[in-house]
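*Asks:* This one is start-v1.pdb, PDB, C-alpha atoms and all ligand atoms.
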ATOM      1  CA  MET Q  23      94.511 162.686 102.225
ATOM      2  CA  THR Q  24      94.766 166.239 100.915
ATOM      3  CA  ALA Q  25      98.031 167.256  99.311
ATOM      4  CA  ALA Q  26     100.070 169.702 101.382
ATOM      5  CA  VAL Q  27     100.104 173.308 100.180
ATOM      6  CA  PRO Q  28     103.756 174.273  99.865
ATOM      7  CA  THR Q  29     104.990 177.706 100.881
ATOM      8  CA  ILE Q  30     107.316 178.844  98.136
ATOM      9  CA  GLY Q  31     109.452 181.923  98.647
ATOM     10  CA  VAL Q  32     110.338 184.273  95.822
ATOM     11  CA  LEU Q  33     113.687 185.994  96.310
ATOM     12  CA  ALA Q  34     112.535 189.608  96.276
ATOM     13  CA  LEU Q  35     115.747 191.623  96.060
ATOM     14  CA  GLN Q  36     115.175 192.603  92.428
ATOM     15  CA  GLY Q  37     113.505 191.245  89.303
ATOM     16  CA  ASP Q  38     110.125 189.916  88.184
ATOM     17  CA  VAL Q  39     108.968 188.771  91.619
ATOM     18  CA  ARG Q  40     105.251 189.422  91.142
ATOM     19  CA  GLU Q  41     105.026 187.385  87.926
ATOM     20  CA  HIS Q  42     106.601 184.364  89.622
ATOM     21  CA  ALA Q  43     104.350 184.713  92.672
ATOM     22  CA  ARG Q  44     101.269 184.780  90.444
ATOM     23  CA  ALA Q  45     102.409 181.717  88.465
ATOM     24  CA  LEU Q  46     103.184 179.797  91.673
ATOM     25  CA  GLU Q  47      99.808 180.644  93.184
ATOM     26  CA  GLY Q  48      98.247 179.387  89.941
ATOM     27  CA  ALA Q  49     100.134 176.136  90.578
ATOM     28  CA  GLY Q  50      98.563 175.781  94.031
ATOM     29  CA  ALA Q  51     101.370 177.147  96.211
ATOM     30  CA  ARG Q  52     101.350 179.810  98.896
ATOM     31  CA  THR Q  53     103.996 182.458  98.253
ATOM     32  CA  VAL Q  54     106.173 184.651 100.446
ATOM     33  CA  ARG Q  55     108.583 187.419  99.422
ATOM     34  CA  VAL Q  56     112.059 186.649 100.770
ATOM     35  CA  ARG Q  57     114.370 189.555 101.604
ATOM     36  CA  ARG Q  58     115.692 188.534 105.001
ATOM     37  CA  PRO Q  59     117.152 185.379 106.514
ATOM     38  CA  GLU Q  60     114.099 185.019 108.840
ATOM     39  CA  GLU Q  61     111.788 184.952 105.824
ATOM     40  CA  LEU Q  62     113.928 182.275 104.199
ATOM     41  CA  GLU Q  63     113.507 180.058 107.251
ATOM     42  CA  ARG Q  64     109.743 179.954 106.747
ATOM     43  CA  VAL Q  65     109.669 178.631 103.181
ATOM     44  CA  ASP Q  66     109.619 175.077 101.816
ATOM     45  CA  ALA Q  67     111.279 176.110  98.555
ATOM     46  CA  LEU Q  68     112.559 179.156  96.699
ATOM     47  CA  VAL Q  69     112.259 180.756  93.273
ATOM     48  CA  VAL Q  70     115.009 183.089  92.111
ATOM     49  CA  PRO Q  71     113.420 185.405  89.529
ATOM     50  CA  GLY Q  72     114.647 186.902  86.299
ATOM     51  CA  GLY Q  73     116.186 190.337  86.529
ATOM     52  CA  GLU Q  74     119.836 191.272  86.828
ATOM     53  CA  SER Q  75     122.134 188.792  88.536
ATOM     54  CA  THR Q  76     124.832 191.374  89.361
ATOM     55  CA  THR Q  77     122.280 193.476  91.267
ATOM     56  CA  MET Q  78     120.808 190.414  92.995
ATOM     57  CA  TRP Q  79     124.275 189.288  94.025
ATOM     58  CA  ARG Q  80     125.177 192.724  95.470
ATOM     59  CA  LEU Q  81     121.867 193.007  97.337
ATOM     60  CA  ALA Q  82     122.106 189.433  98.629
ATOM     61  CA  ARG Q  83     125.525 190.362 100.049
ATOM     62  CA  THR Q  84     124.186 193.581 101.600
ATOM     63  CA  PHE Q  85     121.170 191.816 103.129
ATOM     64  CA  GLU Q  86     123.425 188.994 104.401
ATOM     65  CA  LEU Q  87     121.434 186.420 102.497
ATOM     66  CA  LEU Q  88     124.105 184.662 100.450
ATOM     67  CA  GLU Q  89     125.301 182.299 103.170
ATOM     68  CA  PRO Q  90     121.787 181.447 104.464
ATOM     69  CA  LEU Q  91     120.704 180.755 100.871
ATOM     70  CA  ARG Q  92     123.688 178.474 100.283
ATOM     71  CA  LYS Q  93     123.041 176.620 103.536
ATOM     72  CA  ARG Q  94     119.369 175.975 102.753
ATOM     73  CA  ILE Q  95     120.201 174.712  99.272
ATOM     74  CA  GLU Q  96     122.942 172.458 100.621
ATOM     75  CA  ALA Q  97     120.397 171.119 103.128
ATOM     76  CA  GLY Q  98     118.081 170.092 100.280
ATOM     77  CA  MET Q  99     115.654 172.999  99.835
ATOM     78  CA  PRO Q 100     114.146 172.861  96.307
ATOM     79  CA  ALA Q 101     114.901 175.912  94.173
ATOM     80  CA  TYR Q 102     114.087 177.096  90.676
ATOM     81  CA  GLY Q 103     115.762 180.005  88.881
ATOM     82  CA  SER Q 104     114.777 181.721  85.619
ATOM     83  CA  CYS Q 105     117.333 183.673  83.590
ATOM     84  CA  ALA Q 106     119.202 185.805  86.192
ATOM     85  CA  GLY Q 107     117.970 183.139  88.637
ATOM     86  CA  MET Q 108     119.673 180.464  86.523
ATOM     87  CA  ILE Q 109     122.926 182.425  86.862
ATOM     88  CA  MET Q 110     122.411 182.679  90.637
ATOM     89  CA  LEU Q 111     121.999 178.890  90.947
ATOM     90  CA  ALA Q 112     125.081 178.053  88.855
ATOM     91  CA  ASP Q 113     128.210 176.740  90.540
ATOM     92  CA  ARG Q 114     130.327 178.480  87.885
ATOM     93  CA  ILE Q 115     129.716 181.508  85.661
ATOM     94  CA  ARG Q 116     131.457 183.103  82.703
ATOM     95  CA  ASP Q 117     131.260 186.775  81.695
ATOM     96  CA  GLY Q 118     130.176 187.774  85.195
ATOM     97  CA  ALA Q 119     130.924 191.206  86.646
ATOM     98  CA  ASP Q 120     134.219 191.566  88.547
ATOM     99  CA  GLY Q 121     134.027 189.359  91.609
ATOM    100  CA  GLN Q 122     130.448 188.272  90.893
ATOM    101  CA  GLU Q 123     129.355 185.467  93.206
ATOM    102  CA  THR Q 124     126.421 183.109  92.946
ATOM    103  CA  ILE Q 125     124.379 181.095  95.406
ATOM    104  CA  GLY Q 126     125.322 177.970  93.452
ATOM    105  CA  GLY Q 127     123.932 174.477  93.856
ATOM    106  CA  ILE Q 128     123.691 173.270  90.256
ATOM    107  CA  ASP Q 129     126.877 171.719  88.907
ATOM    108  CA  MET Q 130     126.974 173.732  85.681
ATOM    109  CA  THR Q 131     128.834 176.552  83.973
ATOM    110  CA  VAL Q 132     126.532 179.341  82.776
ATOM    111  CA  ARG Q 133     127.563 182.085  80.386
ATOM    112  CA  ARG Q 134     125.941 185.390  81.228
ATOM    113  CA  ASN Q 135     124.317 187.437  78.420
ATOM    114  CA  ALA Q 136     125.340 184.649  76.043
ATOM    115  CA  PHE Q 137     122.531 185.073  73.512
ATOM    116  CA  GLY Q 138     122.530 188.813  74.139
ATOM    117  CA  ARG Q 139     125.763 189.327  72.304
ATOM    118  CA  GLN Q 140     123.965 188.552  69.072
ATOM    119  CA  VAL Q 141     120.416 189.590  69.850
ATOM    120  CA  ASP Q 142     119.055 191.160  73.021
ATOM    121  CA  SER Q 143     115.835 189.240  73.187
ATOM    122  CA  PHE Q 144     113.974 186.671  71.150
ATOM    123  CA  GLU Q 145     111.265 184.061  71.419
ATOM    124  CA  ALA Q 146     111.462 180.408  70.450
ATOM    125  CA  GLU Q 147     109.577 177.141  70.821
ATOM    126  CA  VAL Q 148     111.425 174.900  73.273
ATOM    127  CA  PRO Q 149     110.267 171.385  74.155
ATOM    128  CA  LEU Q 150     111.016 170.512  77.781
ATOM    129  CA  GLU Q 151     111.662 166.905  78.767
ATOM    130  CA  GLY Q 152     108.965 165.705  81.152
ATOM    131  CA  VAL Q 153     107.216 169.100  81.364
ATOM    132  CA  GLY Q 154     104.115 168.882  79.188
ATOM    133  CA  ASP Q 155     103.547 167.391  75.747
ATOM    134  CA  THR Q 156     103.919 170.503  73.623
ATOM    135  CA  PRO Q 157     106.879 172.933  73.374
ATOM    136  CA  PHE Q 158     107.115 176.073  75.448
ATOM    137  CA  HIS Q 159     106.826 179.454  73.911
ATOM    138  CA  ALA Q 160     110.059 180.641  75.517
ATOM    139  CA  VAL Q 161     110.948 184.312  76.004
ATOM    140  CA  PHE Q 162     114.683 185.024  76.217
ATOM    141  CA  ILE Q 163     115.831 188.461  77.447
ATOM    142  CA  ARG Q 164     119.597 189.022  77.547
ATOM    143  CA  ALA Q 165     119.601 185.388  78.459
ATOM    144  CA  PRO Q 166     122.393 183.133  79.616
ATOM    145  CA  TRP Q 167     122.995 179.645  78.278
ATOM    146  CA  VAL Q 168     124.501 176.627  79.955
ATOM    147  CA  GLU Q 169     127.942 175.851  78.576
ATOM    148  CA  SER Q 170     128.481 172.583  80.398
ATOM    149  CA  VAL Q 171     126.914 170.424  83.075
ATOM    150  CA  GLY Q 172     128.267 167.875  85.536
ATOM    151  CA  ALA Q 173     127.236 164.219  85.513
ATOM    152  CA  GLY Q 174     124.386 164.718  88.006
ATOM    153  CA  VAL Q 175     122.575 167.336  85.927
ATOM    154  CA  SER Q 176     119.760 166.432  83.491
ATOM    155  CA  VAL Q 177     119.285 168.590  80.434
ATOM    156  CA  LEU Q 178     115.559 169.371  80.096
ATOM    157  CA  GLY Q 179     115.687 171.628  77.057
ATOM    158  CA  ARG Q 180     117.895 173.013  74.303
ATOM    159  CA  ALA Q 181     117.589 175.784  71.743
ATOM    160  CA  GLU Q 182     116.104 174.091  68.671
ATOM    161  CA  SER Q 183     116.705 176.633  65.942
ATOM    162  CA  GLY Q 184     118.813 179.611  64.945
ATOM    163  CA  PRO Q 185     122.574 180.085  65.179
ATOM    164  CA  ASN Q 186     122.699 178.771  68.724
ATOM    165  CA  ILE Q 187     120.999 175.470  68.039
ATOM    166  CA  GLY Q 188     121.788 172.845  70.636
ATOM    167  CA  ARG Q 189     122.592 175.263  73.470
ATOM    168  CA  ILE Q 190     121.284 174.040  76.816
ATOM    169  CA  VAL Q 191     118.519 176.303  78.168
ATOM    170  CA  ALA Q 192     116.816 174.203  80.878
ATOM    171  CA  VAL Q 193     118.284 171.848  83.482
ATOM    172  CA  ARG Q 194     117.427 169.908  86.598
ATOM    173  CA  GLN Q 195     119.672 168.494  89.292
ATOM    174  CA  GLY Q 196     117.608 166.686  91.914
ATOM    175  CA  ARG Q 197     115.502 169.341  93.633
ATOM    176  CA  LEU Q 198     117.102 172.238  91.759
ATOM    177  CA  MET Q 199     116.052 173.482  88.352
ATOM    178  CA  ALA Q 200     116.762 176.421  86.078
ATOM    179  CA  THR Q 201     115.639 177.852  82.749
ATOM    180  CA  ALA Q 202     117.416 180.501  80.662
ATOM    181  CA  PHE Q 203     113.993 181.812  79.601
ATOM    182  CA  HIS Q 204     111.058 183.312  81.529
ATOM    183  CA  PRO Q 205     107.984 181.043  81.804
ATOM    184  CA  GLU Q 206     106.616 183.517  84.385
ATOM    185  CA  LEU Q 207     106.061 186.076  81.611
ATOM    186  CA  THR Q 208     103.940 184.081  79.169
ATOM    187  CA  GLY Q 209     100.961 182.758  81.126
ATOM    188  CA  ASP Q 210     102.070 179.156  80.437
ATOM    189  CA  HIS Q 211     102.645 177.927  83.975
ATOM    190  CA  ARG Q 212     103.638 174.331  83.280
ATOM    191  CA  VAL Q 213     107.164 174.912  84.612
ATOM    192  CA  HIS Q 214     105.719 176.325  87.855
ATOM    193  CA  HIS Q 215     103.341 173.348  88.147
ATOM    194  CA  TYR Q 216     106.271 170.988  87.581
ATOM    195  CA  PHE Q 217     108.275 172.802  90.272
ATOM    196  CA  ALA Q 218     105.355 172.886  92.733
ATOM    197  CA  ASP Q 219     104.936 169.087  92.264
ATOM    198  CA  LEU Q 220     108.658 168.609  92.874
ATOM    199  CA  VAL Q 221     108.311 170.653  96.089
ATOM    200  CA  ARG Q 222     105.300 168.593  97.275
ATOM    201  CA  ARG Q 223     107.233 165.377  96.704
ATOM    202  CA  ALA Q 224     110.252 166.786  98.570
ATOM    203  CA  MET Q 225     107.980 167.691 101.513
ATOM    204  CA  GLU Q 226     106.593 164.143 101.608
ATOM    205  CA  GLU Q 227     110.143 162.796 101.755
ATOM    206  CA  GLU Q 228     111.136 164.966 104.747
TER
HETATM  207  N1  LIG Q 301     121.472 189.433  81.766
HETATM  208  C1  LIG Q 301     120.860 189.299  83.053
HETATM  209  C2  LIG Q 301     121.881 188.930  84.122
HETATM  210  O1  LIG Q 301     123.025 188.860  83.880
HETATM  211  C3  LIG Q 301     119.731 188.287  83.050
HETATM  212  C4  LIG Q 301     118.575 188.788  82.241
HETATM  213  C5  LIG Q 301     117.249 188.310  82.673
HETATM  214  O2  LIG Q 301     117.042 187.812  83.800
HETATM  215  N2  LIG Q 301     116.289 188.536  81.825
HETATM  216  O3  LIG Q 301     121.507 188.715  85.226
END
Is it possible to give me this structure as structure tokens?
Ligand code: GLN
*Replies:*
Amino acid sequence: MTAAVPTIGVLALQGDVREHARALEGAGARTVRVRRPEELERVDALVVPGGESTTMWRLARTFELLEPLRKRIEAGMPAYGSCAGMIMLADRIRDGADGQETIGGIDMTVRRNAFGRQVDSFEAEVPLEGVGDTPFHAVFIRAPWVESVGAGVSVLGRAESGPNIGRIVAVRQGRLMATAFHPELTGDHRVHHYFADLVRRAMEEE
């Protein structure tokens, strides 16, 4: 039996869409840019890229994508968000713009630009539970952190050094995952492989 090739959408309203698409293709997935509800219907899973969550939220409203995105996630579509994408997948946010909404799905509170108050961007080694044997070289750019998670959320990684030691930077809740950093920017595609495997397993379960 040959493993199914998943079609993974990348939300293409704004942000580093191309880098995610390349990483996903490296992980054996087909990719589709998602800007309209019809495109969302054709994908097995979705990646929400890094970028600017306030812009993504406004464009998702304009393109009438917020409700379709919420419905697919509620119906069990796997999704992975990096940085701004982590904010978009959070049920609750702090330090958002006035009225800022998210897609939601992960039972967590995420603080926007949390590290950015002290330092705009930095790199750190972050070990991720179950995703490879060696730590990730993680790139944080005006990154959020996760302030708290509900009982159903597994913490995959935390900041291991510096003033913010212990802050949660990677999580998984069933078929949903999020990282505060950008694995799409470093050429280390283990997170995308992990997500593509999760998507294949979800497809087998359907
Ligand atoms: N600070 C951005 C936001 O609020 C996220 C930054 C990023 O994705 N690199 O959306």
*Asks:* Which residues, written as a VMD selection string, have at least one atom at most 7 Å from Pro28 (chain Q), with only C-alpha atoms counted and residues fewer than 3 positions away on the same chain left out?
*Replies:* chain Q and resid 51 to 52 66 221 to 222
*Asks:* Please check which protein, DNA or RNA residues sit within 6 Å of ligand LIG 301 (chain Q), counting all atoms listed in the file, and write them as number ranges by chain.
*Replies:* Q: 72-76, 105-106, 134-135, 163-165
*Asks:* May I have the selected residues written with C-alpha atoms, as a PDB file, keeping the file's coordinate frame?
*Replies:*
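As a result, selection_39.pdb now contains:
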ATOM      1  CA  GLY Q  72     114.647 186.902  86.299  1.00  0.00           C
ATOM      2  CA  GLY Q  73     116.186 190.337  86.529  1.00  0.00           C
ATOM      3  CA  GLU Q  74     119.836 191.272  86.828  1.00  0.00           C
ATOM      4  CA  SER Q  75     122.134 188.792  88.536  1.00  0.00           C
ATOM      5  CA  THR Q  76     124.832 191.374  89.361  1.00  0.00           C
ATOM      6  CA  CYS Q 105     117.333 183.673  83.590  1.00  0.00           C
ATOM      7  CA  ALA Q 106     119.202 185.805  86.192  1.00  0.00           C
ATOM      8  CA  ARG Q 134     125.941 185.390  81.228  1.00  0.00           C
ATOM      9  CA  ASN Q 135     124.317 187.437  78.420  1.00  0.00           C
ATOM     10  CA  ILE Q 163     115.831 188.461  77.447  1.00  0.00           C
ATOM     11  CA  ARG Q 164     119.597 189.022  77.547  1.00  0.00           C
ATOM     12  CA  ALA Q 165     119.601 185.388  78.459  1.00  0.00           C
TER      13      ALA Q 165
END
*Asks:* What would the selection look like, as a PDB file with C-alpha atoms, keeping the file's coordinate frame, if the PyMOL selection byres (((chain Q and resi 172-187) around 9) and not hetatm) were run on the coordinates I just shared?
*Replies:*
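Output file expr_1.pdb follows:
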ATOM      1  CA  ILE Q 128     123.691 173.270  90.256  1.00  0.00           C
ATOM      2  CA  ASP Q 129     126.877 171.719  88.907  1.00  0.00           C
ATOM      3  CA  MET Q 130     126.974 173.732  85.681  1.00  0.00           C
ATOM      4  CA  THR Q 131     128.834 176.552  83.973  1.00  0.00           C
ATOM      5  CA  PHE Q 137     122.531 185.073  73.512  1.00  0.00           C
ATOM      6  CA  ALA Q 146     111.462 180.408  70.450  1.00  0.00           C
ATOM      7  CA  GLU Q 147     109.577 177.141  70.821  1.00  0.00           C
ATOM      8  CA  VAL Q 148     111.425 174.900  73.273  1.00  0.00           C
ATOM      9  CA  PRO Q 149     110.267 171.385  74.155  1.00  0.00           C
ATOM     10  CA  LEU Q 150     111.016 170.512  77.781  1.00  0.00           C
ATOM     11  CA  GLU Q 151     111.662 166.905  78.767  1.00  0.00           C
ATOM     12  CA  GLY Q 152     108.965 165.705  81.152  1.00  0.00           C
ATOM     13  CA  VAL Q 153     107.216 169.100  81.364  1.00  0.00           C
ATOM     14  CA  SER Q 170     128.481 172.583  80.398  1.00  0.00           C
ATOM     15  CA  VAL Q 171     126.914 170.424  83.075  1.00  0.00           C
ATOM     16  CA  GLY Q 188     121.788 172.845  70.636  1.00  0.00           C
ATOM     17  CA  ARG Q 189     122.592 175.263  73.470  1.00  0.00           C
ATOM     18  CA  ILE Q 190     121.284 174.040  76.816  1.00  0.00           C
ATOM     19  CA  VAL Q 191     118.519 176.303  78.168  1.00  0.00           C
ATOM     20  CA  ALA Q 192     116.816 174.203  80.878  1.00  0.00           C
ATOM     21  CA  VAL Q 193     118.284 171.848  83.482  1.00  0.00           C
ATOM     22  CA  ARG Q 194     117.427 169.908  86.598  1.00  0.00           C
ATOM     23  CA  GLN Q 195     119.672 168.494  89.292  1.00  0.00           C
ATOM     24  CA  GLY Q 196     117.608 166.686  91.914  1.00  0.00           C
ATOM     25  CA  THR Q 201     115.639 177.852  82.749  1.00  0.00           C
TER      26      THR Q 201
END
*Asks:* Using the chain letters and numbers from the file, give me the residues hit by the PyMOL selection byres (((chain Q and resi 112) around 8) and not hetatm), as a list of chain:residue names.
*Replies:*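 Taken over the shown coordinates, the PyMOL selection byres (((chain Q and resi 112) around 8) and not hetatm) returns Q:Met108, Q:Ile109, Q:Met110, Q:Leu111, Q:Asp113, Q:Arg114, Q:Ile115, Q:Thr124, Q:Ile125, Q:Gly126, Q:Gly127, Q:Ile128, Q:Asp129, Q:Met130, Q:Thr131, Q:Val132.
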*Asks:* Set the distance at 9 Å and use only C-alpha atoms: which residues neighbour Leu91 (chain Q) once local chain neighbours fewer than 3 positions away are removed? I'd like the list as a ChimeraX atom specification.
*Replies:* /Q:59,62,87-88,94-96,125
*Asks:* Point out the residue among Q:Asp38, Q:Asp210, Q:Glu89, Q:Glu226 with the least atom-to-atom distance to Arg55 (chain Q), counting all atoms listed in the file.
*Replies:*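 Closest to Arg55 (chain Q), using all atoms listed in the file: Q:Asp38.
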*Asks:* Just to confirm, what's the straight-line distance from CA of His204 (chain Q) to CA of Pro157 (chain Q) in Å (one decimal)?
*Replies:*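 Separation of CA of His204 (chain Q) and CA of Pro157 (chain Q): 13.8 Å.
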*Asks:* Would you write out, as a list in words, every residue that the PyMOL selection byres (((chain Q and resi 48-50) around 8) and not hetatm) captures in this file?
*Replies:*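 The output of the PyMOL selection byres (((chain Q and resi 48-50) around 8) and not hetatm) on this file is Val27, Pro28, Arg44, Ala45, Leu46, Glu47, Ala51, Arg52, His211, His214, His215 and Ala218 of chain Q.
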